[in-house]
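Take a look at the structure below.
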Amino acid sequence: MTSRFDDVIDRSDTISIKWAKSQLQDLYGEPDLIALGIADMDFRVSPAIAEAVQNRAAHENYGYAYPSDEYLDACVNWQKRRNHWEIKRDWITYTPGLNVPLTAAVEIFTEPGDNVIIQSPVYYPYYHYVQEKGRNVAVNVLVNRDGYYEINFEDLEAKAKDPKTKAMILCSPHNPVGRNWTKEELTRIGRICIDNGVKLAVDEIHSDLVFEPNVFVPFATISDEFAQNAMICTSPSKSFNLAGLLNSDIIIPNDEIRAAFRQWMDPLYLWPGAFGAVSQIAAYNDSEEWLEELKVYLKGNAEYVAKIIKDRNLKIKYAVPEATYLGWLDFRAYGMTNEELWDFMIHEAHVATDDGPKFGFCGDADGFQRLNFACPRSRLIVAMERIADALEKRFGK
């Protein structure tokens with residue numbers, strides 16, 4: 001297979017949150033930007049997915065779908081083949097994305113006034129899941145070692161020992177810092193949580209996008225004890241660019257947790273959409289080669305960002321991520337306030353990134369921007385050259 005990741009696709013007329021000019025105007029105040037913010041990819045899906053969706057569309061009836069045996073088996077076999085994790089169909093519950101199950105986890109595992117551990121900086125809706133349900137964020141700030149992030153385990157254990165702490169949301173691999181947590185790190189997290197009666201909601205949505213030589217370790221494969229203490233949230237949406245089809249598979253080995261989750265879900269009457277169902281089957285059954293080519297291309301893009309920072313002698317600090325298609329750029333050496341940095345990106349560099357401070361909880365993301373490099377390399381080159389030129393214009397070489 002020769003995938004066409006270099007093809008530049010115009011998404012401006014596809015009601016894209018990321019690229020529609022009206023959206024760019026609403027979100028950033030300018031309609032003509034290179035959009036490297038919102039986390040979907042600027043690539044065509046695999047040929048197998050495109051064919052499956054087109055064939056389904058040709059049927060011309062788009063009534064309710066359901067998670068069929070074929071749909072569930074695609075997920076079961078994917079986990080077995082890719083991650084050496086033996087799961088059962090009965091453990092899987094469909095949800096339309098991960099916002100729903102993570103919100104459910106907060107309500108199932110905790111009561112109002114309880115604490116939920118979150119490792120900051122992190123995907124910012126986590127904070128909303130907790131605070132909007134009347135719970136408290138117990139923030140375990142990650143340790144930034146020149147762009148490479150580590151876990152402060154002493155602080156994590158202290159937070160877990162608080163009697164009010166009942167749950168933790170773990171992002172693995174981590175968005176936005178790009179860490180693929182090792183088995184040793186995950187084991188320490190799991191042990192601390194079990195020893196202190198803390199349940200885990202594990203967001204593994206970026207698990208298929210781990211770059212060699214790193215290897216993804218599914219949290220639930222470490223031990224059955226860990227699996228029984230966790231809700232595992234998975235989806236093909238990031239790996240195969242299916243975010244708009246709203247497919248996720250929540251895998252819960254523990255009977256009691258799964259029953260509580262399904263009881264919470266039951267009044268919502270949620271089923272996979274007709275196109276989401278066929279796309280998951282085609283992704284997991286027939287698109288593995290495409291995914292492997294994608295990972296090579298994404299790693300090349302990640303390394304290009306590092307190359308231009310070095311070649312242009314920029315003061316941006318950036319560690320090539322171990323996973324995800326998101327770069328975490330540290331602009332603090334330029335001395336701009338958060339407001340100045342955001343204004344600089346939009347109105348001087350003309351590149352729409354995700355504003356870093358919203359990923360932090362206590363100032364730990366001030367001075368950062370999250371850049372989505374899942375785009376044709378030609379587009380990434382132009383965007384990074386714009387940033388470099390704008391920095392040199394403002395600060396000199």
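Letters for chains follow the order of the structure tokens (A, B, ...), residue numbers begin at 1 for each chain, and ligand numbers begin at 1 in the order shown.
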
Q: Return as a PyMOL selection string the full set of residues in stretch 75-241 of chain A whose backbone-based DSSP assignment is helix (DSSP H, G or I).
A: chain A and resi 75-83+89-91+99-109+125-131+153-161+183-195+219-221+224-227+237-240

Please write the residues from the selection above to a file, keeping C-alpha atoms, as a PDB file, in the first residue's frame.
ATOM      1  CA  CYS A  75     -12.528  -4.587  18.621  1.00  0.00           C
ATOM      2  CA  VAL A  76     -11.786  -7.914  20.371  1.00  0.00           C
ATOM      3  CA  ASN A  77      -9.471  -9.079  17.600  1.00  0.00           C
ATOM      4  CA  TRP A  78      -7.727  -5.710  17.355  1.00  0.00           C
ATOM      5  CA  GLN A  79      -6.836  -5.751  21.043  1.00  0.00           C
ATOM      6  CA  LYS A  80      -5.624  -9.337  20.799  1.00  0.00           C
ATOM      7  CA  ARG A  81      -3.577  -8.803  17.643  1.00  0.00           C
ATOM      8  CA  ARG A  82      -2.101  -5.395  18.442  1.00  0.00           C
ATOM      9  CA  ASN A  83      -1.891  -5.361  22.225  1.00  0.00           C
ATOM     10  CA  ARG A  89     -17.379  -9.097  23.735  1.00  0.00           C
ATOM     11  CA  ASP A  90     -19.433  -8.667  26.906  1.00  0.00           C
ATOM     12  CA  TRP A  91     -16.866  -6.271  28.356  1.00  0.00           C
ATOM     13  CA  ASN A  99     -16.545  12.559  26.867  1.00  0.00           C
ATOM     14  CA  VAL A 100     -19.538  10.483  27.898  1.00  0.00           C
ATOM     15  CA  PRO A 101     -17.715   7.579  29.604  1.00  0.00           C
ATOM     16  CA  LEU A 102     -15.225   9.792  31.412  1.00  0.00           C
ATOM     17  CA  THR A 103     -18.073  11.872  32.789  1.00  0.00           C
ATOM     18  CA  ALA A 104     -19.799   8.642  33.765  1.00  0.00           C
ATOM     19  CA  ALA A 105     -16.657   7.414  35.529  1.00  0.00           C
ATOM     20  CA  VAL A 106     -16.577  10.535  37.688  1.00  0.00           C
ATOM     21  CA  GLU A 107     -20.194  10.018  38.758  1.00  0.00           C
ATOM     22  CA  ILE A 108     -19.895   6.244  39.245  1.00  0.00           C
ATOM     23  CA  PHE A 109     -16.641   6.260  41.194  1.00  0.00           C
ATOM     24  CA  PRO A 125     -12.017  18.653  29.288  1.00  0.00           C
ATOM     25  CA  TYR A 126     -10.854  16.354  32.110  1.00  0.00           C
ATOM     26  CA  TYR A 127     -11.126  19.322  34.451  1.00  0.00           C
ATOM     27  CA  HIS A 128     -14.679  19.987  33.291  1.00  0.00           C
ATOM     28  CA  TYR A 129     -15.751  16.366  33.826  1.00  0.00           C
ATOM     29  CA  VAL A 130     -14.722  16.704  37.471  1.00  0.00           C
ATOM     30  CA  GLN A 131     -15.635  20.258  38.426  1.00  0.00           C
ATOM     31  CA  PHE A 153       5.107   9.671  42.323  1.00  0.00           C
ATOM     32  CA  GLU A 154       5.570  11.058  45.823  1.00  0.00           C
ATOM     33  CA  ASP A 155       2.929  13.685  45.144  1.00  0.00           C
ATOM     34  CA  LEU A 156       0.687  11.127  43.412  1.00  0.00           C
ATOM     35  CA  GLU A 157       0.802   8.861  46.451  1.00  0.00           C
ATOM     36  CA  ALA A 158       0.096  11.762  48.790  1.00  0.00           C
ATOM     37  CA  LYS A 159      -2.954  12.735  46.733  1.00  0.00           C
ATOM     38  CA  ALA A 160      -4.163   9.126  46.611  1.00  0.00           C
ATOM     39  CA  LYS A 161      -3.860   8.741  50.409  1.00  0.00           C
ATOM     40  CA  LYS A 183       5.129  -0.627  32.127  1.00  0.00           C
ATOM     41  CA  GLU A 184       7.093   0.378  35.220  1.00  0.00           C
ATOM     42  CA  GLU A 185       5.376   3.772  35.413  1.00  0.00           C
ATOM     43  CA  LEU A 186       1.928   2.280  34.866  1.00  0.00           C
ATOM     44  CA  THR A 187       2.593  -0.379  37.472  1.00  0.00           C
ATOM     45  CA  ARG A 188       3.477   2.239  40.076  1.00  0.00           C
ATOM     46  CA  ILE A 189       0.312   4.195  39.244  1.00  0.00           C
ATOM     47  CA  GLY A 190      -1.850   1.080  39.445  1.00  0.00           C
ATOM     48  CA  ARG A 191      -0.326  -0.046  42.731  1.00  0.00           C
ATOM     49  CA  ILE A 192      -0.754   3.358  44.370  1.00  0.00           C
ATOM     50  CA  CYS A 193      -4.402   3.474  43.302  1.00  0.00           C
ATOM     51  CA  ILE A 194      -5.263  -0.019  44.513  1.00  0.00           C
ATOM     52  CA  ASP A 195      -3.452   0.427  47.832  1.00  0.00           C
ATOM     53  CA  PHE A 219      -3.039  -0.737  31.517  1.00  0.00           C
ATOM     54  CA  ALA A 220      -5.325  -3.743  31.982  1.00  0.00           C
ATOM     55  CA  THR A 221      -2.708  -6.222  30.709  1.00  0.00           C
ATOM     56  CA  ASP A 224      -5.961  -8.850  36.500  1.00  0.00           C
ATOM     57  CA  GLU A 225      -5.997  -6.878  39.757  1.00  0.00           C
ATOM     58  CA  PHE A 226      -5.367  -3.698  37.782  1.00  0.00           C
ATOM     59  CA  ALA A 227      -7.960  -4.645  35.156  1.00  0.00           C
ATOM     60  CA  SER A 237     -11.180   7.843  16.079  1.00  0.00           C
ATOM     61  CA  LYS A 238      -7.641   9.235  16.485  1.00  0.00           C
ATOM     62  CA  SER A 239      -5.838   6.324  14.838  1.00  0.00           C
ATOM     63  CA  PHE A 240      -7.990   6.234  11.714  1.00  0.00           C
TER      64      PHE A 240
END

Distance query A:Ile17 at most 12 Å, only C-alpha atoms, self and fewer than 6 positions along chain excluded, as a list of chain:residue names: A:Arg11, A:Gln23, A:Leu24, A:Gln25, A:Asp26, A:Leu27, A:Tyr28, A:Ala35, A:Leu36, A:Gly37, A:Ile38, A:Ala39, A:Asp40, A:Met41, A:Ala243, A:Gly244

- [ ] Pick out the residues sitting within 7 Å of stretch 51-53 of chain A, and hand them over as a PyMOL selection string; count only C-alpha atoms, and ignore anything fewer than 6 positions along from it in its own chain.
- [x] chain A and resi 275+278-279+282

Same residues, N, CA and C atoms, output as a PDB file, in the first residue's frame:
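part_23.pdb was written with the following content:
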ATOM      1  N   PHE A 275     -22.708   4.702   9.815  1.00  0.00           N
ATOM      2  CA  PHE A 275     -21.394   4.874   9.191  1.00  0.00           C
ATOM      3  C   PHE A 275     -20.271   4.604  10.196  1.00  0.00           C
ATOM      4  N   VAL A 278     -19.739   0.634  10.404  1.00  0.00           N
ATOM      5  CA  VAL A 278     -18.981   0.009   9.305  1.00  0.00           C
ATOM      6  C   VAL A 278     -17.552   0.527   9.243  1.00  0.00           C
ATOM      7  N   SER A 279     -17.347   1.775   9.670  1.00  0.00           N
ATOM      8  CA  SER A 279     -15.988   2.321   9.633  1.00  0.00           C
ATOM      9  C   SER A 279     -15.089   1.635  10.656  1.00  0.00           C
ATOM     10  N   ALA A 282     -14.086  -1.779   9.251  1.00  0.00           N
ATOM     11  CA  ALA A 282     -13.084  -1.652   8.191  1.00  0.00           C
ATOM     12  C   ALA A 282     -11.732  -1.197   8.740  1.00  0.00           C
TER      13      ALA A 282
END

Practice item. Pick out the closest residue to A:Asn180 from this set: A:Ala323, A:Ala283, A:Met336, A:Met265. Count only C-alpha atoms. Key: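 Ranked by minimum distance to A:Asn180, first place goes to A:Ala323.
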
*Determine, counting only C-alpha atoms, which protein, DNA and RNA residues have an atom within 10 Å of an atom of A:Ser287; residues of the same chain fewer than 2 positions away are not included. Present the result as a VMD selection string.*
chain A and resid 45 to 49 240 280 to 285 289 to 292

Given only C-alpha atoms as the basis, pick out the residue of A:Leu314, A:Thr95, A:Met231, A:Val8 nearest to A:Ala259.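 Under the stated criterion, the closest residue is A:Met231.
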
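Shortest atom-to-atom contact with A:His350 among A:Asp249, A:Asp32, A:Glu212, A:Glu60: A:Asp32, counting only C-alpha atoms.
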
Please identify all polymer residues within 12 Å of A:Glu303, counting only C-alpha atoms, omitting same-chain residues fewer than 3 positions from it, and present them as number ranges by chain.
A: 211, 296-300, 306-310, 318-322, 325-327, 373, 377, 380-381

With C-alpha atoms retained, write the just-selected residues as a PDB file, in the first residue's frame.
ATOM      1  CA  PHE A 211       6.222   5.551  17.588  1.00  0.00           C
ATOM      2  CA  VAL A 296       6.040   6.405   9.911  1.00  0.00           C
ATOM      3  CA  TYR A 297       4.771   9.597   8.279  1.00  0.00           C
ATOM      4  CA  LEU A 298       3.726  11.155  11.585  1.00  0.00           C
ATOM      5  CA  LYS A 299       7.074  10.378  13.178  1.00  0.00           C
ATOM      6  CA  GLY A 300       8.743  12.103  10.230  1.00  0.00           C
ATOM      7  CA  ALA A 306      12.575  19.445  15.909  1.00  0.00           C
ATOM      8  CA  LYS A 307      14.729  19.968  12.822  1.00  0.00           C
ATOM      9  CA  ILE A 308      13.411  23.426  11.958  1.00  0.00           C
ATOM     10  CA  ILE A 309      13.697  24.523  15.593  1.00  0.00           C
ATOM     11  CA  LYS A 310      17.352  23.501  15.485  1.00  0.00           C
ATOM     12  CA  TYR A 318      10.329  20.717  22.195  1.00  0.00           C
ATOM     13  CA  ALA A 319      10.833  16.995  22.765  1.00  0.00           C
ATOM     14  CA  VAL A 320       9.815  14.721  19.887  1.00  0.00           C
ATOM     15  CA  PRO A 321       6.788  12.894  21.300  1.00  0.00           C
ATOM     16  CA  GLU A 322       6.822   9.161  21.911  1.00  0.00           C
ATOM     17  CA  TYR A 325       0.358  13.528  16.623  1.00  0.00           C
ATOM     18  CA  LEU A 326       0.574  16.492  18.979  1.00  0.00           C
ATOM     19  CA  GLY A 327       3.655  18.605  19.618  1.00  0.00           C
ATOM     20  CA  PHE A 373       1.307  17.854  13.041  1.00  0.00           C
ATOM     21  CA  ARG A 377       4.436  17.755   5.350  1.00  0.00           C
ATOM     22  CA  LEU A 380       3.676  21.678   8.212  1.00  0.00           C
ATOM     23  CA  ILE A 381       6.775  23.168   6.571  1.00  0.00           C
TER      24      ILE A 381
END

Could you check how far atom CA of A:Tyr148 sits from atom CA of A:Trp181, in Å to one decimal?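 According to the coordinates, atom CA of A:Tyr148 and atom CA of A:Trp181 are separated by 11.7 Å.
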
Counting only C-alpha atoms, closest pick from A:Asn301, A:Asn136, A:Gln119, A:Asn247 relative to A:His174 is A:Gln119
